[in-house]
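Quick notes on the structure that follows.
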Amino acid sequence: MKAAWMVGDFGQIAAYAAQAAEEFVARTAIAKGTRVLDVACGTGNTAIPAARAGGIVTGLDLAPNLLEQARKRASAEGLEITFEEGDAEQLPHPNAAFDVVMTMFGAMFAPRPEQVAAELLRVCRPGGLIAMANWTPQGFVGKTFQFTARIAPPPPGVPAPVLWGDEETVRQRFAKGVSNLSLTRRKISFDYPFPPNEVVAFFRQYFGPTQTAFQRLDPGGQATRWLPVSSLCGKSTTGRAATEPSVEVEYLDVRAIRA
């Protein structure tokens, strides 16, 4: 997984979710001095607005190249954020160390979700907040990942990441250790400056998991097997010219209070 997220340039992909990250953090109770852990922080989309809000922020990710981009972004704004390499399944922090533990389109990709849930709960103080944003199986991104999984299947026994976007699955994973759980489906738009048939090319160039999937196909497969994704992108387009689609995507906003 580390190798897959280090190829390409995920910063190019993450830029399209930056506004959604701002809104996600704005809905999170972060005041001056709030201790915040951003798990699978990527290039800093959520860590940076959390620090702007006054939080004492630590961002953690598997991929050092993404952390380097996050550090540069934080430095450009004069923000003090601790960025460290680490695994969502084994967080290098003591129990109850944070008031807010958040992850946006990140920890959902770890292969052992029960371990992730246990770790998010462990490092959050009693009464603190765990906030997640996870792609739903029914949304554009979720369907794209399901298509990719048919080409490049995960190892046996590894559940689909988009199950973190299924309400019943989330309730099961947080069945213990939570005093309140709120689940809300939300939609955002990715405004691409190129037509739907070029969206796949964009992800192939910059998104590591897509590159990995393409490597498993022969040239003929690379040319034809991804046509359904281009079609799906076209069907998800709303409100803009077809040459510059605004692709509507859905995610599950998870808010859990640590018992």
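Following the order of the structure tokens, chains are lettered A, B, ..., residues in each are numbered from 1, and ligands are numbered from 1.
Omitting Leu60 in chain A and its sequence neighbours fewer than 3 positions away, and counting only C-alpha atoms, the residues within 9 Å are Leu37, Asp38, Val39, Ala40, Cys41, Gly42, Leu67, Thr82, Phe83, Glu84, Glu85, Gly86, Asp87, Ala88 and Leu91 of chain A.
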Determine, using only C-alpha atoms, which residues of range 126-192 of chain A have any atom at most 12 Å from an atom of range 45-59 of chain A, and tabulate each with its shortest atom pair and distance in Å to one decimal place, rows ordered by chain and then rising number, as CSV.
residue,atom,partner,partner_atom,distance
A:Ala131,CA,A:Thr46,CA,11.1
A:Met132,CA,A:Thr46,CA,10.9
A:Ala133,CA,A:Thr46,CA,10.7
Output for the residues just chosen: N, CA and C atoms as a tab-separated table (two decimals), in the first residue's frame:
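Contents of the output file selection11.tsv:
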chain	number	residue	atom	x	y	z
A	131	ALA	N	-13.91	11.76	13.67
A	131	ALA	CA	-14.60	12.24	12.47
A	131	ALA	C	-13.97	11.58	11.25
A	132	MET	N	-14.80	10.95	10.44
A	132	MET	CA	-14.33	10.28	9.23
A	132	MET	C	-15.14	10.75	8.02
A	133	ALA	N	-14.50	10.82	6.88
A	133	ALA	CA	-15.18	11.00	5.60
A	133	ALA	C	-14.77	9.83	4.73
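Coordinates place CA of Val36 in chain A at a distance of 6.1 Å from CA of Asp99 in chain A.
With distances restricted to only C-alpha atoms, A:Met108 is the closest residue to Trp164 in chain A from A:Ile30, A:Ile151, A:Met108, A:Ala21.
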Would you kindly return, as a VMD selection string, each protein, DNA or RNA residue with an atom no farther than 12 Å from any atom of Phe109 in chain A, considering only C-alpha atoms and excluding same-chain residues fewer than 2 positions away?
-> chain A and resid 1 to 2 4 to 5 39 to 40 61 to 62 87 to 89 103 to 107 111 to 113 116 133 to 135 142 145 154 158 to 165 209
For those residues, write C-alpha atoms to a file as a CSV table (one decimal), in the first residue's frame.
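The result, written out as result-v4.csv:
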chain,number,residue,atom,x,y,z
A,1,MET,CA,0.0,0.0,0.0
A,2,LYS,CA,2.8,2.4,0.8
A,4,ALA,CA,1.0,2.4,-4.4
A,5,TRP,CA,0.4,5.7,-2.7
A,39,VAL,CA,-4.9,9.9,10.3
A,40,ALA,CA,-3.8,9.2,6.7
A,61,ASP,CA,0.6,9.1,6.8
A,62,LEU,CA,2.3,6.0,5.3
A,87,ASP,CA,0.3,3.4,10.1
A,88,ALA,CA,-3.4,3.8,10.8
A,89,GLU,CA,-3.4,0.3,12.2
A,103,THR,CA,-9.5,11.1,8.7
A,104,MET,CA,-10.8,12.1,5.3
A,105,PHE,CA,-10.7,9.6,2.5
A,106,GLY,CA,-7.6,8.1,4.1
A,107,ALA,CA,-7.8,5.5,6.9
A,111,PRO,CA,-6.5,-3.4,5.0
A,112,ARG,CA,-7.7,-4.2,8.6
A,113,PRO,CA,-10.6,-2.0,9.4
A,116,VAL,CA,-8.2,0.9,12.5
A,133,ALA,CA,-15.2,11.0,5.6
A,134,ASN,CA,-15.5,7.8,3.6
A,135,TRP,CA,-16.5,7.2,0.0
A,142,GLY,CA,-16.9,4.1,-4.8
A,145,PHE,CA,-12.8,1.7,-6.9
A,154,PRO,CA,-7.0,-6.9,-3.1
A,158,VAL,CA,-9.1,-7.7,2.8
A,159,PRO,CA,-12.5,-6.1,2.8
A,160,ALA,CA,-13.4,-3.4,0.2
A,161,PRO,CA,-12.4,0.1,1.4
A,162,VAL,CA,-15.8,1.5,0.4
A,163,LEU,CA,-17.5,-0.6,3.2
A,164,TRP,CA,-16.4,2.3,5.4
A,165,GLY,CA,-19.0,4.3,3.5
A,209,PRO,CA,-3.6,2.9,-7.2
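For the pair CA of Phe202 in chain A and CA of Phe10 in chain A, the interatomic distance is 10.9 Å.
Residues lying within 7 Å of range 69-73 of chain A, counting only C-alpha atoms and ignoring same-chain neighbours fewer than 3 positions away, are Thr43, Gly44, Asn65, Leu66, Ala76, Glu77 and Phe83 of chain A.
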I need the residues from that last selection saved to file as a CSV table (one decimal), in the first residue's frame (with C-alpha atoms), if you can.
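again-v6.csv, freshly written:
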chain,number,residue,atom,x,y,z
A,43,THR,CA,-0.9,16.3,1.5
A,44,GLY,CA,-2.6,18.1,4.4
A,65,ASN,CA,6.4,12.0,-0.3
A,66,LEU,CA,2.8,13.1,0.6
A,76,ALA,CA,3.8,28.4,3.1
A,77,GLU,CA,1.0,29.5,5.5
A,83,PHE,CA,3.8,15.6,10.2
Atom pair CA of Cys124 in chain A / CA of Val178 in chain A: separation (Å) = 10.7 Å
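Of the residues listed (A:Arg150, A:Phe140, A:Tyr251, A:Ala3), A:Ala3 shows the shortest atom-to-atom separation from Pro64 in chain A; distances use only C-alpha atoms.
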